[in-house]
file start29.txt (compact mmCIF, C-alpha atoms and all ligand atoms)
# COMPACT_ATOMS: atom_id res chain seq x y z
CA MET A 1 110.32 131.96 157.83
CA LYS A 2 106.86 130.46 158.22
CA ASP A 3 105.24 133.61 156.82
CA THR A 4 107.41 133.55 153.69
CA THR A 5 106.37 129.95 153.03
CA ASN A 6 102.68 130.78 153.47
CA ASP A 7 102.99 133.73 151.09
CA MET A 8 104.76 131.57 148.59
CA THR A 9 102.19 128.79 148.89
CA SER A 10 99.41 131.25 148.14
CA THR A 11 101.35 132.68 145.18
CA ILE A 12 101.80 129.16 143.83
CA ASN A 13 98.09 128.45 144.26
CA GLN A 14 97.21 131.69 142.48
CA LEU A 15 99.47 130.79 139.55
CA ILE A 16 97.90 127.32 139.32
CA GLN A 17 94.41 128.87 139.27
CA LEU A 18 95.45 131.50 136.75
CA GLN A 19 96.89 128.81 134.48
CA GLU A 20 93.66 126.78 134.87
CA LEU A 21 91.59 129.79 133.74
CA ILE A 22 93.86 130.49 130.76
CA ILE A 23 93.68 126.83 129.67
CA ALA A 24 89.88 126.87 130.08
CA LYS A 25 89.78 129.88 127.75
CA THR A 26 92.03 128.19 125.17
CA GLN A 27 89.84 125.10 125.39
CA ARG A 28 86.64 127.10 124.80
CA LEU A 29 88.22 128.74 121.78
CA ALA A 30 89.48 125.40 120.41
CA ALA A 31 86.02 123.88 120.81
CA SER A 32 83.89 126.77 119.57
CA PRO A 33 85.51 130.01 118.37
CA GLN A 34 82.26 131.97 118.87
CA SER A 35 82.12 131.30 122.63
CA ASN A 36 81.37 134.14 124.99
CA LEU A 37 84.57 134.60 126.99
CA SER A 38 83.75 137.71 129.00
CA LEU A 39 83.33 135.96 132.35
CA LEU A 40 86.55 133.98 131.90
CA ASP A 41 88.39 137.16 130.86
CA GLU A 42 87.09 138.93 133.96
CA ASN A 43 88.26 136.09 136.22
CA ILE A 44 91.67 136.02 134.54
CA ALA A 45 92.08 139.78 135.00
CA SER A 46 91.18 139.70 138.68
CA MET A 47 93.42 136.70 139.35
CA ARG A 48 96.33 138.49 137.66
CA LYS A 49 95.91 141.39 140.07
CA CYS A 50 96.62 139.06 143.01
CA VAL A 51 100.07 138.01 141.78
CA ALA A 52 103.25 140.07 142.31
CA PRO A 53 104.31 141.78 139.02
CA LYS A 54 107.75 140.15 138.99
CA VAL A 55 106.33 136.64 139.36
CA LEU A 56 103.69 137.42 136.76
CA GLN A 57 106.33 138.56 134.28
CA ASP A 58 108.18 135.27 134.71
CA PHE A 59 104.93 133.32 134.32
CA ASP A 60 103.89 135.23 131.16
CA ARG A 61 107.30 134.66 129.58
CA LEU A 62 106.91 130.90 130.09
CA LEU A 63 103.36 130.97 128.71
CA GLN A 64 104.65 132.46 125.49
CA LYS A 65 106.69 129.31 124.97
CA SER A 66 104.00 126.77 125.85
CA GLN A 67 100.54 126.55 127.40
CA ILE A 68 101.88 125.13 130.62
CA ALA A 69 104.01 127.38 132.84
CA ILE A 70 103.68 125.78 136.27
CA VAL A 71 103.73 122.01 136.78
CA PRO A 72 103.72 119.54 139.66
CA MET A 73 106.92 117.85 140.80
CA GLU A 74 106.11 114.23 141.56
CA GLN A 75 108.41 111.54 142.88
CA GLY A 76 111.37 113.88 142.35
CA LYS A 77 110.59 114.48 138.68
CA CYS A 78 109.29 117.38 136.62
CA THR A 79 105.95 116.05 135.27
CA ALA A 80 106.23 118.16 132.10
CA CYS A 81 109.62 117.02 130.78
CA ASN A 82 110.12 113.98 133.04
CA MET A 83 113.57 115.09 134.18
CA THR A 84 114.78 113.65 137.48
CA LEU A 85 115.54 116.75 139.54
CA PRO A 86 118.65 117.21 141.71
CA VAL A 87 117.94 116.14 145.32
CA SER A 88 118.68 119.64 146.66
CA LEU A 89 116.11 121.14 144.28
CA VAL A 90 113.52 118.52 145.29
CA HIS A 91 113.92 119.66 148.90
CA GLN A 92 113.69 123.32 147.92
CA VAL A 93 110.49 122.79 145.88
CA HIS A 94 109.02 120.81 148.76
CA ALA A 95 109.86 123.56 151.28
CA ALA A 96 108.36 126.20 148.92
CA GLU A 97 110.19 129.21 150.34
CA ALA A 98 110.61 130.49 146.79
CA ILE A 99 109.46 129.51 143.32
CA TYR A 100 111.91 127.29 141.46
CA HIS A 101 112.38 126.46 137.79
CA CYS A 102 112.95 123.04 136.26
CA PRO A 103 116.59 123.09 135.06
CA SER A 104 115.60 121.24 131.90
CA CYS A 105 112.34 122.83 130.61
CA ALA A 106 112.45 126.03 132.75
CA ARG A 107 108.84 125.64 133.92
CA LEU A 108 107.90 126.64 137.46
CA LEU A 109 107.61 123.71 139.84
CA PHE A 110 105.31 123.02 142.76
CA TYR A 111 105.23 120.08 145.12
CA ARG A 112 102.30 117.71 144.94
CA ASP A 113 101.79 114.64 147.05
CA ALA A 114 101.59 111.70 144.62
CA ASP A 115 98.77 110.21 146.72
CA SER A 116 96.54 113.26 146.33
CA SER A 117 95.57 112.51 142.74
CA ALA A 118 94.45 109.44 140.82
CA ARG A 119 97.20 107.64 138.92
CA ASN A 120 97.10 106.49 135.36
CA THR A 121 97.69 102.73 135.53
CA ARG A 122 96.99 101.88 131.94
CA PRO A 123 98.81 98.68 131.03
CA PRO A 124 101.54 99.14 128.39
CA ARG A 125 100.96 97.70 124.95
CA LYS A 126 102.03 94.06 124.66
CA ARG A 127 104.94 93.49 122.32
CA THR A 128 102.87 91.11 120.22
CA GLU A 129 100.17 93.77 119.66
CA ALA A 130 100.24 95.93 116.54
CA PRO A 131 100.78 99.67 117.18
CA LYS A 132 97.40 101.41 117.52
CA THR A 133 96.10 104.22 115.33
CA GLY A 134 93.40 106.89 115.72
CA ILE A 135 91.26 106.89 118.85
CA ALA A 136 92.36 103.31 119.65
CA LYS A 137 95.53 104.95 121.06
CA PHE A 138 93.38 106.50 123.80
CA SER A 139 90.40 104.25 124.48
CA SER A 140 88.60 100.99 123.70
CA ASP A 141 85.14 99.46 123.53
CA ALA A 142 85.38 98.67 127.26
CA LEU A 143 85.23 102.45 127.90
CA MET A 144 82.02 103.14 125.98
CA VAL A 145 78.75 103.68 127.91
CA PRO A 146 75.72 103.59 125.59
CA ASP A 147 73.17 104.57 128.23
CA LEU A 148 74.38 106.84 131.04
CA GLU A 149 72.16 106.62 134.10
CA GLY A 150 73.23 109.88 135.78
CA LYS A 151 71.26 113.10 135.42
CA ASP A 152 74.00 115.61 136.31
CA ALA A 153 77.70 116.25 135.70
CA GLU A 154 79.00 114.59 138.84
CA SER A 155 77.04 111.35 138.45
CA VAL A 156 77.91 110.84 134.77
CA ILE A 157 81.56 111.70 135.41
CA ARG A 158 81.49 109.06 138.17
CA GLU A 159 80.02 106.41 135.82
CA LEU A 160 82.77 107.09 133.28
CA ALA A 161 85.50 107.20 135.96
CA GLU A 162 84.34 103.77 137.21
CA LYS A 163 84.72 102.43 133.65
CA LEU A 164 88.28 103.77 133.49
CA LYS A 165 89.02 102.10 136.81
CA ASP A 166 87.43 98.77 135.81
CA ALA A 167 89.49 98.74 132.61
CA LYS A 168 92.63 99.40 134.74
CA TYR A 169 93.30 102.79 133.16
CA ILE A 170 93.28 104.57 136.54
CA ASP A 171 93.67 103.46 140.15
CA ASP A 172 91.06 105.61 141.91
CA ALA A 173 87.73 106.68 140.41
CA GLU A 174 86.74 109.04 143.23
CA LYS A 175 89.96 111.10 143.04
CA LEU A 176 89.35 111.48 139.31
CA VAL A 177 85.75 112.63 139.94
CA MET A 178 87.01 115.26 142.43
CA ALA A 179 89.61 116.60 139.99
CA ALA A 180 87.18 116.72 137.05
CA MET A 181 84.51 118.48 139.16
CA ALA A 182 87.10 121.04 140.35
CA ARG A 183 87.79 121.76 136.67
CA GLU A 184 84.04 122.10 135.93
CA ALA A 185 83.87 124.70 138.71
CA VAL A 186 86.41 126.87 136.85
CA ASP A 187 84.34 126.84 133.65
CA SER A 188 81.80 124.25 132.49
CA THR A 189 83.12 122.07 129.65
CA ALA A 190 79.61 121.61 128.21
CA LEU A 191 79.20 123.04 124.71
CA GLU A 192 76.20 124.29 122.73
CA ASN A 193 76.29 121.28 120.41
CA GLY A 194 75.31 118.82 123.15
CA CYS A 195 78.83 117.55 123.93
CA ALA A 196 80.78 117.97 127.17
CA PHE A 197 84.50 117.34 127.69
CA PRO A 198 85.14 116.96 131.43
CA HIS A 199 88.74 116.11 132.26
CA ALA A 200 91.50 116.01 134.82
CA ARG A 201 95.01 117.11 133.94
CA GLY A 202 98.14 116.09 135.84
CA ILE A 203 97.14 112.41 136.06
CA GLU A 204 100.57 110.82 135.73
CA GLY A 205 101.88 107.34 135.12
CA GLY A 206 100.52 106.50 131.67
CA ALA A 207 99.11 107.84 128.41
CA LEU A 208 96.18 110.16 127.73
CA SER A 209 92.92 108.18 127.85
CA PHE A 210 89.21 108.77 127.57
CA ALA A 211 85.85 107.15 128.28
CA LEU A 212 82.74 108.19 126.36
CA GLY A 213 79.12 108.04 127.46
CA ILE A 214 75.76 108.79 125.85
CA ALA A 215 72.69 110.10 127.65
CA LYS A 216 69.60 108.93 125.76
CA LYS A 217 67.74 111.97 127.14
CA PRO A 218 69.61 115.32 127.39
CA ILE A 219 70.94 116.16 130.87
CA ALA A 220 71.83 119.51 132.50
CA PHE A 221 75.61 119.12 132.61
CA ASP A 222 75.99 122.79 133.43
CA SER A 223 73.50 123.19 136.29
CA SER A 224 72.88 126.85 135.38
CA LYS A 225 71.69 125.93 131.88
CA LYS A 226 68.86 123.83 130.53
CA ALA A 227 69.28 120.11 129.82
CA SER A 228 71.11 119.84 126.49
CA THR A 229 74.08 117.49 126.95
CA GLN A 230 73.97 114.00 125.41
CA ILE A 231 77.59 113.08 124.64
CA VAL A 232 80.15 113.15 127.45
CA VAL A 233 83.88 112.50 126.92
CA LEU A 234 85.88 112.12 130.16
CA MET A 235 89.62 112.58 129.59
CA VAL A 236 92.55 111.62 131.81
CA ILE A 237 95.49 113.82 130.89
CA PRO A 238 99.12 113.53 131.99
CA THR A 239 100.88 116.93 132.34
CA ALA A 240 103.08 116.19 129.33
CA ALA A 241 99.96 115.81 127.12
CA SER A 242 98.36 119.05 128.34
CA THR A 243 98.66 120.69 124.94
CA PHE A 244 97.84 117.63 122.90
CA TYR A 245 94.43 117.09 124.49
CA LEU A 246 93.24 120.39 123.00
CA LYS A 247 93.86 118.92 119.54
CA LEU A 248 91.88 115.85 120.52
CA ILE A 249 88.95 118.02 121.71
CA ALA A 250 89.12 120.05 118.48
CA GLY A 251 89.07 116.78 116.47
CA PHE A 252 86.05 115.45 118.38
CA ASN A 253 84.31 118.75 117.84
CA ARG A 254 84.80 118.78 114.10
CA VAL A 255 83.17 115.34 114.03
CA LEU A 256 80.40 115.93 116.58
CA MET A 257 79.44 119.37 115.26
CA VAL A 258 77.78 117.49 112.38
CA GLU A 259 74.26 116.49 113.38
CA LYS A 260 74.19 113.25 111.41
CA ASN A 261 77.41 112.12 113.11
CA ARG A 262 75.94 112.83 116.54
CA ASP A 263 72.76 110.98 115.55
CA ALA A 264 74.76 107.97 114.34
CA LEU A 265 76.52 107.77 117.69
CA LEU A 266 73.33 108.34 119.69
CA ALA A 267 71.57 105.55 117.79
CA THR A 268 74.04 102.87 119.01
CA ASP A 269 72.96 100.65 121.90
CA THR A 270 75.95 98.48 122.81
CA PRO A 271 79.55 99.44 123.76
CA GLU A 272 80.83 97.48 120.74
CA LYS A 273 78.57 99.25 118.22
CA MET A 274 79.35 102.61 119.83
CA TRP A 275 83.09 102.02 119.56
CA LYS A 276 82.84 100.84 115.94
CA THR A 277 80.79 103.92 115.00
CA LEU A 278 83.17 106.27 116.82
CA VAL A 279 86.25 104.74 115.17
CA LYS A 280 84.64 105.19 111.74
CA LEU A 281 83.47 108.76 112.40
CA THR A 282 86.81 109.99 113.77
CA ALA A 283 89.17 108.21 111.35
CA LYS A 284 89.84 111.35 109.31
CA ASP A 285 89.86 114.00 112.08
CA ILE A 286 91.76 112.01 114.72
CA PRO A 287 94.38 110.11 112.71
ZN ZN A 301 110.87 120.15 133.24

call {"tool": "encode", "arguments": {"input": "start29.txt", "output": "structure tokens"}}
result
Amino acid sequence: MKDTTNDMTSTINQLIQLQELIIAKTQRLAASPQSNLSLLDENIASMRKCVAPKVLQDFDRLLQKSQIAIVPMEQGKCTACNMTLPVSLVHQVHAAEAIYHCPSCARLLFYRDADSSARNTRPPRKRTEAPKTGIAKFSSDALMVPDLEGKDAESVIRELAEKLKDAKYIDDAEKLVMAAMAREAVDSTALENGCAFPHARGIEGGALSFALGIAKKPIAFDSSKKASTQIVVLMVIPTAASTFYLKLIAGFNRVLMVEKNRDALLATDTPEKMWKTLVKLTAKDIP
């Protein structure tokens, strides 16, 4: 019995990694259609070879319906569709002797300890507040950093994660740093145009959020490349928003591809001015 569980756990881990690679590819394409994808394609092909054909078939069928085929079960719920799962199924997913589907959205489920990842603790909108529009749905001036101190990916991600924690958007900055760095290891989110979009998916409990920082001097976000990154957007993404964040990245890219827009943002020196400039720049592309 023990062996079956171990096999199944490794299959589940392979599917999670495969999905991560496929999403990384989609994200590269959304951000810059001319990207070189050969290394990602190679990694996807070799990961596919590790998974049993029957499981792979099931996985591919689900991917045709949406970008997310395998999702964590947390606190007895499917994190993709939020359905409360039958108790017997919760036990089965936890035991992981086979791969189980969510009865509501059909996605594959895996067990994840709720304590292993940061939680989104963003306070809900007060009833007296007007509904937000544009990027105000995801961030605020408290999450703008006009002068990042860090000189590499991990240190700037940490500065932004601390901001998210201070503004009560997440409960644990270090867990967020770990998750975002694990994602960078799959494929760097730094783009040619000087922007980087580090993120952690599967952060449950609240809405998609981001913090944005500016490096006055370019930093080497991707340690294998020369220093070229100046704008860093750290996103916290619940599983259910895993498709939506790609639209947000595409919107940011349309705006930040334009040099004079990047320059306008880089010229700001306080969180308030940065936020005001960002709201103005993104009004059309992120409605
Ligand atoms: Zn579901």

call {"tool": "residues_near_ligand", "arguments": {"input": "start29.txt", "ligand": "ligand ZN 301 (chain A)", "cutoff": "10 Å", "atoms": "all atoms listed in the file", "output": "PyMOL selection string"}}
result
chain A and resi 69-73+77-85+101-109+240

call {"tool": "closest_residue", "arguments": {"input": "start29.txt", "among": "A:Val55, A:Leu234, A:Ala215, A:Ile170", "to": "Glu184 of chain A", "atoms": "all atoms listed in the file"}}
result
A:Leu234

call {"tool": "residues_near_point", "arguments": {"input": "start29.txt", "point": "(86.8, 127.2, 124.0)", "cutoff": "10 Å", "atoms": "only C-alpha atoms", "output": "count of residues only"}}
result
21

call {"tool": "closest_residue", "arguments": {"input": "start29.txt", "among": "A:Val232, A:Ile135, A:Leu208, A:Val258", "to": "Ser155 of chain A", "atoms": "only C-alpha atoms"}}
result
A:Val232

call {"tool": "closest_residue", "arguments": {"input": "start29.txt", "among": "A:Arg183, A:Phe138, A:Met257, A:Ser188", "to": "Ile286 of chain A", "atoms": "only C-alpha atoms"}}
result
A:Phe138
